[in-house]
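K.L.:
The following block contains the structure, expressed as structure tokens.
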Amino acid sequence: MKKTIILLGALAVSMAGVAQTEVTQGVMRGKDFGVTYSLPKTYIEVAAKVNKVKYTPGELAKYANRYLRLNNIATEPSEYYELVSIGVNSIGVPDKDNVYFVKMKERTAAPLIELTDDGIIKSINLPLNSSEKAANISTNPSSTNKELNPQDFLTEEILMANSTAKVADLVAKEIYSIRESKNALVRGQADFMPKDGEQMRMMIETLDAQERALTQMFAGKYDIEEVIKTNHILPVDGVDKEVALRFSKKLGVVANDDLSGEPIYISISDLKSVNIPAEESKKKVDGIAYNVPGRALITLTTGGKTLIEEEVPVTQFGTVEYLAPVLFNKNSTIKVTFNPNTGGLTKVDREEGK
């Protein structure tokens with residue numbers, strides 16, 4: 001739920017005045033009426049997508065090579081992890097050193113200020129429902145295919161077999177029979193050919209599913225659970241091969257100090273994309289503050305191999321600028337959108353007064 005605060009002006013006061021919206025740094029307490037907001041600072045989020053794989057051997061696993069020529073089929077259950085992908089992104093958190101108070105004064109326009117849940121400025125003078133519509137869109141849950149049970153496709157002869165070896169022989173023959181049926185359909189040689197392409201597709205899909213289910217009795221079953229693990233790193237220029245996270249095939253993503261996992265290193269370099277003024281020449285607070293983020297080059301490596309080399313915005317490598325107070329005090333409405341992750345301007349529009 002986004003936090004929205006409306007600064008109410010005195011209705012009886014003419015809007016033709018020239019008083020300006022007053023903005024000060026820090027949290028204001030007492031009788032002053034207004035709103036406190038913060039700008040974000042950047043953390044680098046390293047996100048690893050990992051598959052947790054659980055293998056259950058088939059009941060006919062030891063016959064896999066003899067009847068289906070399937071090699072290296074394990075006969076014991078196992079569990080392991082696979083690193084599928086890794087990515088980096090910049091995320092914003094409230095910066096306690098960049099907190100501002102907008103005081104409502106007489107004869108000024110009354111801007112509507114929208115904040116995120118943690119108090120970061122998000123927009124000024126945008127309609128309430130414009131940002132809520134996207135949040136209220138519902139999506140239909142994705143359908144999942146029902147797992148096929150090999151037992152549903154066993155013939156009476158297979159079920160009556162008096163030894164595992166005999167079961168394996170009969171199941172293998174059933175698999176080969178299914179393959180022959182598919183080949184006959186594709187070649188147009190089946191006894192009962194489908195009437196159209198859609199019926200052909202459905203028949204082949206059904207045969208494919210039956211073959212997979214029966215083959216599972218030899219090859220075993222893999223249950224895969226996708227896991228996303230993240231680590232947040234405060235960017236500092238010049239970081240060289242700091243451990244971002246560790247990955248173990250047996251345990252998945254582990255703590256950075258857990259030596260059972262192979263390290264994935266991060267390097268951070270400020271690209272100096274923003275001209276930052278000297279400390280003594282920084283401007284005083286003069287209007288609505290926003291960030292002009294700089295950019296950093298983020299490199300992830302492991303085992304001497306580069307996984308990622310990507311540029312991301314970093315507020316700490318940029319500077320703070322201000323929207324002039326006079327913009328919010330004339331017979332027009334200034335609509336402003338901020339990026340809540342960087343605090344930078346996304347869009348500025350003017351709506352002329354009537």
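The way I read the labels, and the way they are meant: chains A, B, ... in the order of the structure tokens, residue 1 as the first residue of every chain, and ligand 1 as the first ligand shown, with later ones counted on from there.
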As a list in words, please: the residues near Tyr322 of chain A (cut-off 9 Å, only C-alpha atoms, same-chain neighbours under 2 positions excluded).

P.N.:
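These residues fall inside the cut-off: Val285, Asp286, Gly287, Ile288, Ala289, Tyr290, Asn291, Val320, Ala324 and Pro325 of chain A.
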
K.L.:
From a DSSP calculation on the backbone, collect every residue of segment 104-269 of chain A in helix (DSSP H, G or I) and output the set as a VMD selection string.

P.N.:
chain A and resid 128 to 136 150 to 153 156 to 159 164 to 187 197 to 219

K.L.:
Please produce a file of the residues just selected, as a PDB file, in the first residue's frame, where the atoms kept are C-alpha atoms.

P.N.:
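Result went into result.pdb, see below:
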ATOM      1  CA  LEU A 128      -4.535   8.820  -6.718  1.00  0.00           C
ATOM      2  CA  ASN A 129      -6.083   6.205  -9.002  1.00  0.00           C
ATOM      3  CA  SER A 130      -3.361   6.467 -11.655  1.00  0.00           C
ATOM      4  CA  SER A 131      -0.851   4.592  -9.543  1.00  0.00           C
ATOM      5  CA  GLU A 132      -3.345   2.259  -7.892  1.00  0.00           C
ATOM      6  CA  LYS A 133      -4.727   0.782 -11.107  1.00  0.00           C
ATOM      7  CA  ALA A 134      -1.638  -1.239 -11.862  1.00  0.00           C
ATOM      8  CA  ALA A 135      -1.532  -2.626  -8.333  1.00  0.00           C
ATOM      9  CA  ASN A 136      -5.138  -3.803  -8.530  1.00  0.00           C
ATOM     10  CA  PRO A 150       3.093 -44.760 -14.734  1.00  0.00           C
ATOM     11  CA  GLN A 151       0.799 -47.257 -13.036  1.00  0.00           C
ATOM     12  CA  ASP A 152      -2.138 -45.843 -15.027  1.00  0.00           C
ATOM     13  CA  PHE A 153      -0.600 -47.137 -18.280  1.00  0.00           C
ATOM     14  CA  GLU A 156      -3.006 -56.480 -17.352  1.00  0.00           C
ATOM     15  CA  GLU A 157      -0.095 -58.606 -18.561  1.00  0.00           C
ATOM     16  CA  ILE A 158       2.411 -56.246 -16.920  1.00  0.00           C
ATOM     17  CA  LEU A 159       0.497 -56.160 -13.667  1.00  0.00           C
ATOM     18  CA  THR A 164      10.686 -57.460 -11.760  1.00  0.00           C
ATOM     19  CA  ALA A 165      12.728 -58.557 -14.769  1.00  0.00           C
ATOM     20  CA  LYS A 166       9.530 -59.630 -16.560  1.00  0.00           C
ATOM     21  CA  VAL A 167       7.860 -56.298 -15.694  1.00  0.00           C
ATOM     22  CA  ALA A 168      10.875 -54.447 -17.132  1.00  0.00           C
ATOM     23  CA  ASP A 169      10.703 -56.491 -20.337  1.00  0.00           C
ATOM     24  CA  LEU A 170       6.973 -55.862 -20.828  1.00  0.00           C
ATOM     25  CA  VAL A 171       7.165 -52.136 -19.977  1.00  0.00           C
ATOM     26  CA  ALA A 172      10.024 -51.692 -22.455  1.00  0.00           C
ATOM     27  CA  LYS A 173       7.924 -53.418 -25.142  1.00  0.00           C
ATOM     28  CA  GLU A 174       5.034 -51.076 -24.368  1.00  0.00           C
ATOM     29  CA  ILE A 175       7.360 -48.062 -24.794  1.00  0.00           C
ATOM     30  CA  TYR A 176       8.546 -49.332 -28.167  1.00  0.00           C
ATOM     31  CA  SER A 177       4.931 -49.924 -29.200  1.00  0.00           C
ATOM     32  CA  ILE A 178       4.062 -46.317 -28.354  1.00  0.00           C
ATOM     33  CA  ARG A 179       7.004 -45.094 -30.440  1.00  0.00           C
ATOM     34  CA  GLU A 180       5.842 -47.200 -33.384  1.00  0.00           C
ATOM     35  CA  SER A 181       2.346 -45.731 -33.071  1.00  0.00           C
ATOM     36  CA  LYS A 182       3.754 -42.190 -33.186  1.00  0.00           C
ATOM     37  CA  ASN A 183       5.846 -42.991 -36.239  1.00  0.00           C
ATOM     38  CA  ALA A 184       2.824 -44.472 -37.999  1.00  0.00           C
ATOM     39  CA  LEU A 185       0.788 -41.329 -37.307  1.00  0.00           C
ATOM     40  CA  VAL A 186       3.511 -39.033 -38.597  1.00  0.00           C
ATOM     41  CA  ARG A 187       3.942 -41.133 -41.754  1.00  0.00           C
ATOM     42  CA  GLY A 197      -4.086 -31.252 -37.629  1.00  0.00           C
ATOM     43  CA  GLU A 198      -5.468 -30.441 -34.167  1.00  0.00           C
ATOM     44  CA  GLN A 199      -6.574 -34.030 -33.597  1.00  0.00           C
ATOM     45  CA  MET A 200      -3.136 -35.199 -34.794  1.00  0.00           C
ATOM     46  CA  ARG A 201      -1.440 -32.879 -32.295  1.00  0.00           C
ATOM     47  CA  MET A 202      -3.586 -34.115 -29.411  1.00  0.00           C
ATOM     48  CA  MET A 203      -2.962 -37.788 -30.266  1.00  0.00           C
ATOM     49  CA  ILE A 204       0.808 -37.306 -30.456  1.00  0.00           C
ATOM     50  CA  GLU A 205       0.850 -35.333 -27.187  1.00  0.00           C
ATOM     51  CA  THR A 206      -1.062 -38.161 -25.478  1.00  0.00           C
ATOM     52  CA  LEU A 207       1.399 -40.760 -26.757  1.00  0.00           C
ATOM     53  CA  ASP A 208       4.350 -38.562 -25.707  1.00  0.00           C
ATOM     54  CA  ALA A 209       2.932 -38.302 -22.178  1.00  0.00           C
ATOM     55  CA  GLN A 210       2.455 -42.077 -21.951  1.00  0.00           C
ATOM     56  CA  GLU A 211       5.998 -42.694 -23.148  1.00  0.00           C
ATOM     57  CA  ARG A 212       7.433 -40.236 -20.603  1.00  0.00           C
ATOM     58  CA  ALA A 213       5.475 -41.821 -17.774  1.00  0.00           C
ATOM     59  CA  LEU A 214       6.601 -45.362 -18.598  1.00  0.00           C
ATOM     60  CA  THR A 215      10.212 -44.298 -19.266  1.00  0.00           C
ATOM     61  CA  GLN A 216      10.209 -42.726 -15.815  1.00  0.00           C
ATOM     62  CA  MET A 217      10.025 -46.274 -14.383  1.00  0.00           C
ATOM     63  CA  PHE A 218      13.546 -46.794 -15.761  1.00  0.00           C
ATOM     64  CA  ALA A 219      15.100 -43.305 -15.777  1.00  0.00           C
TER      65      ALA A 219
END

K.L.:
Measuring between only C-alpha atoms, which one of A:Val227, A:Ile276, A:Ala244, A:Ile44 shows the shortest distance to Val292 of chain A?

P.N.:
A:Ile276

K.L.:
For atom CA of Glu226 of chain A and atom CA of Val50 of chain A, quote the distance in Å rounded to one decimal.

P.N.:
5.8 Å

K.L.:
What is the distance, in Å and to one decimal place, between atom CA of Val88 of chain A and atom CA of Glu262 of chain A?

P.N.:
18.3 Å

K.L.:
Go ahead and compute the interatomic distance for atom CA of Ala64 of chain A and atom CA of Val84 of chain A, in Å to one decimal.

P.N.:
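Answer for the atom CA of Ala64 of chain A to atom CA of Val84 of chain A separation: 28.4 Å.
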
K.L.:
Please extract the residues of segment 282-349 of chain A with a backbone DSSP assignment of strand (DSSP E or B) and present them as a PyMOL selection string.

P.N.:
chain A and resi 288-302+305-323+332-338+345-349

K.L.:
Could the residues in this selection be written to a file with N, CA and C atoms, as a short mmCIF file (atom, residue, chain, number, x, y, z; two decimals), in the first residue's frame?

P.N.:
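Done, and the output landed in again_36.cif:
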data_model
loop_
_atom_site.label_atom_id
_atom_site.label_comp_id
_atom_site.auth_asym_id
_atom_site.auth_seq_id
_atom_site.Cartn_x
_atom_site.Cartn_y
_atom_site.Cartn_z
N ILE A 288 12.16 21.17 -3.93
CA ILE A 288 11.98 19.74 -3.77
C ILE A 288 13.25 19.03 -4.22
N ALA A 289 13.87 18.32 -3.29
CA ALA A 289 15.14 17.65 -3.59
C ALA A 289 14.90 16.35 -4.34
N TYR A 290 15.78 16.07 -5.30
CA TYR A 290 15.76 14.79 -6.01
C TYR A 290 17.19 14.39 -6.33
N ASN A 291 17.38 13.11 -6.59
CA ASN A 291 18.73 12.60 -6.89
C ASN A 291 19.03 12.67 -8.38
N VAL A 292 20.28 12.93 -8.68
CA VAL A 292 20.82 12.71 -10.02
C VAL A 292 21.83 11.57 -9.87
N PRO A 293 21.38 10.32 -10.08
CA PRO A 293 22.26 9.19 -9.78
C PRO A 293 23.42 9.08 -10.76
N GLY A 294 24.55 8.62 -10.24
CA GLY A 294 25.66 8.27 -11.10
C GLY A 294 25.50 6.84 -11.59
N ARG A 295 26.53 6.32 -12.24
CA ARG A 295 26.47 4.96 -12.76
C ARG A 295 27.72 4.21 -12.32
N ALA A 296 27.52 2.92 -12.07
CA ALA A 296 28.62 2.06 -11.66
C ALA A 296 28.72 0.87 -12.59
N LEU A 297 29.93 0.40 -12.80
CA LEU A 297 30.15 -0.83 -13.55
C LEU A 297 30.28 -1.97 -12.55
N ILE A 298 29.37 -2.93 -12.65
CA ILE A 298 29.37 -4.07 -11.74
C ILE A 298 29.85 -5.30 -12.50
N THR A 299 30.85 -5.97 -11.93
CA THR A 299 31.38 -7.19 -12.55
C THR A 299 31.30 -8.34 -11.56
N LEU A 300 30.73 -9.45 -11.99
CA LEU A 300 30.67 -10.67 -11.18
C LEU A 300 31.55 -11.73 -11.85
N THR A 301 32.41 -12.35 -11.05
CA THR A 301 33.31 -13.38 -11.58
C THR A 301 33.34 -14.58 -10.65
N THR A 302 33.69 -15.73 -11.20
CA THR A 302 33.92 -16.92 -10.40
C THR A 302 34.87 -17.83 -11.16
N LYS A 305 36.24 -16.72 -14.43
CA LYS A 305 35.29 -16.51 -15.52
C LYS A 305 34.36 -15.36 -15.19
N THR A 306 34.15 -14.45 -16.14
CA THR A 306 33.23 -13.33 -15.94
C THR A 306 31.80 -13.78 -16.19
N LEU A 307 30.94 -13.60 -15.18
CA LEU A 307 29.53 -13.97 -15.30
C LEU A 307 28.69 -12.80 -15.79
N ILE A 308 28.98 -11.61 -15.24
CA ILE A 308 28.20 -10.41 -15.57
C ILE A 308 29.13 -9.21 -15.59
N GLU A 309 28.88 -8.32 -16.54
CA GLU A 309 29.53 -7.01 -16.56
C GLU A 309 28.47 -6.02 -17.01
N GLU A 310 27.95 -5.25 -16.05
CA GLU A 310 26.75 -4.47 -16.32
C GLU A 310 26.81 -3.12 -15.61
N GLU A 311 26.24 -2.09 -16.24
CA GLU A 311 26.13 -0.77 -15.63
C GLU A 311 24.80 -0.65 -14.90
N VAL A 312 24.82 -0.07 -13.69
CA VAL A 312 23.61 0.16 -12.92
C VAL A 312 23.67 1.55 -12.30
N PRO A 313 22.51 2.20 -12.06
CA PRO A 313 22.52 3.51 -11.41
C PRO A 313 22.84 3.38 -9.92
N VAL A 314 23.63 4.32 -9.41
CA VAL A 314 24.00 4.35 -7.98
C VAL A 314 23.87 5.79 -7.51
N THR A 315 22.98 6.04 -6.55
CA THR A 315 22.75 7.41 -6.10
C THR A 315 23.98 8.00 -5.41
N GLN A 316 24.73 7.17 -4.66
CA GLN A 316 25.89 7.68 -3.95
C GLN A 316 26.97 8.18 -4.89
N PHE A 317 26.96 7.77 -6.14
CA PHE A 317 27.94 8.23 -7.12
C PHE A 317 27.42 9.45 -7.90
N GLY A 318 26.29 10.02 -7.45
CA GLY A 318 25.70 11.18 -8.12
C GLY A 318 25.61 12.36 -7.18
N THR A 319 24.60 13.19 -7.38
CA THR A 319 24.43 14.38 -6.57
C THR A 319 22.95 14.66 -6.36
N VAL A 320 22.63 15.68 -5.57
CA VAL A 320 21.25 16.07 -5.28
C VAL A 320 20.99 17.43 -5.94
N GLU A 321 19.86 17.53 -6.65
CA GLU A 321 19.42 18.79 -7.25
C GLU A 321 18.04 19.12 -6.70
N TYR A 322 17.49 20.28 -7.12
CA TYR A 322 16.23 20.76 -6.54
C TYR A 322 15.30 21.28 -7.62
N LEU A 323 14.00 20.98 -7.46
CA LEU A 323 12.96 21.58 -8.28
C LEU A 323 12.58 22.91 -7.63
N SER A 332 -0.71 26.89 -12.34
CA SER A 332 -0.52 25.68 -13.12
C SER A 332 -0.12 24.57 -12.16
N THR A 333 -0.35 23.35 -12.56
CA THR A 333 -0.02 22.21 -11.70
C THR A 333 1.13 21.45 -12.32
N ILE A 334 2.20 21.32 -11.56
CA ILE A 334 3.35 20.56 -12.02
C ILE A 334 3.21 19.12 -11.52
N LYS A 335 3.22 18.18 -12.46
CA LYS A 335 3.14 16.77 -12.11
C LYS A 335 4.53 16.16 -12.26
N VAL A 336 4.99 15.52 -11.19
CA VAL A 336 6.34 14.99 -11.16
C VAL A 336 6.32 13.52 -10.76
N THR A 337 7.06 12.70 -11.47
CA THR A 337 7.22 11.29 -11.11
C THR A 337 8.69 11.03 -10.81
N PHE A 338 8.95 10.34 -9.70
CA PHE A 338 10.30 9.99 -9.29
C PHE A 338 10.48 8.48 -9.38
N LEU A 345 14.45 11.95 -11.27
CA LEU A 345 13.25 12.36 -11.99
C LEU A 345 12.97 11.38 -13.11
N THR A 346 11.69 10.97 -13.21
CA THR A 346 11.26 10.12 -14.31
C THR A 346 10.50 10.93 -15.35
N LYS A 347 9.64 11.85 -14.86
CA LYS A 347 8.83 12.64 -15.76
C LYS A 347 8.36 13.91 -15.05
N VAL A 348 8.32 15.03 -15.79
CA VAL A 348 7.78 16.30 -15.28
C VAL A 348 6.82 16.84 -16.32
N ASP A 349 5.56 17.07 -15.91
CA ASP A 349 4.53 17.62 -16.80
C ASP A 349 3.93 18.86 -16.17
#

K.L.:
Name the residues in contact with segment 251-253 of chain A at a cut-off of 10 Å, using only C-alpha atoms, excluding same-chain residues fewer than 4 positions from it; report them as a list in words.

P.N.:
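Once the nearby chain positions are removed, what remains is Ala48, Lys49, Val50, Asn51, Lys52, Glu79, Tyr80, Tyr81, Glu82, Leu83, Val227, Ile228, Lys229, Thr230, Leu245, Arg246, Phe247, Asp258, Ser260, Gly261, Glu262 and Pro263 of chain A.
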
K.L.:
Residues of the last selection are to be written out with C-alpha atoms, as a tab-separated table (two decimals), in the first residue's frame.

P.N.:
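The result, written out as part_35.tsv:
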chain	number	residue	atom	x	y	z
A	48	ALA	CA	20.89	-15.99	-7.84
A	49	LYS	CA	18.25	-18.26	-9.38
A	50	VAL	CA	18.89	-21.79	-8.14
A	51	ASN	CA	17.16	-25.08	-8.89
A	52	LYS	CA	16.85	-27.52	-6.01
A	79	GLU	CA	19.45	-34.13	-3.92
A	80	TYR	CA	21.58	-31.33	-5.35
A	81	TYR	CA	21.48	-27.71	-6.50
A	82	GLU	CA	22.03	-26.10	-9.90
A	83	LEU	CA	22.94	-22.43	-10.41
A	227	VAL	CA	14.74	-20.84	-5.35
A	228	ILE	CA	15.78	-17.17	-5.56
A	229	LYS	CA	18.50	-16.04	-3.16
A	230	THR	CA	19.63	-12.42	-2.85
A	245	LEU	CA	27.76	-14.86	-2.39
A	246	ARG	CA	28.84	-18.50	-2.30
A	247	PHE	CA	27.27	-21.44	-4.09
A	258	ASP	CA	30.85	-20.64	4.60
A	260	SER	CA	31.78	-25.11	1.57
A	261	GLY	CA	30.54	-22.88	-1.26
A	262	GLU	CA	32.49	-21.60	-4.25
A	263	PRO	CA	32.80	-17.79	-4.11
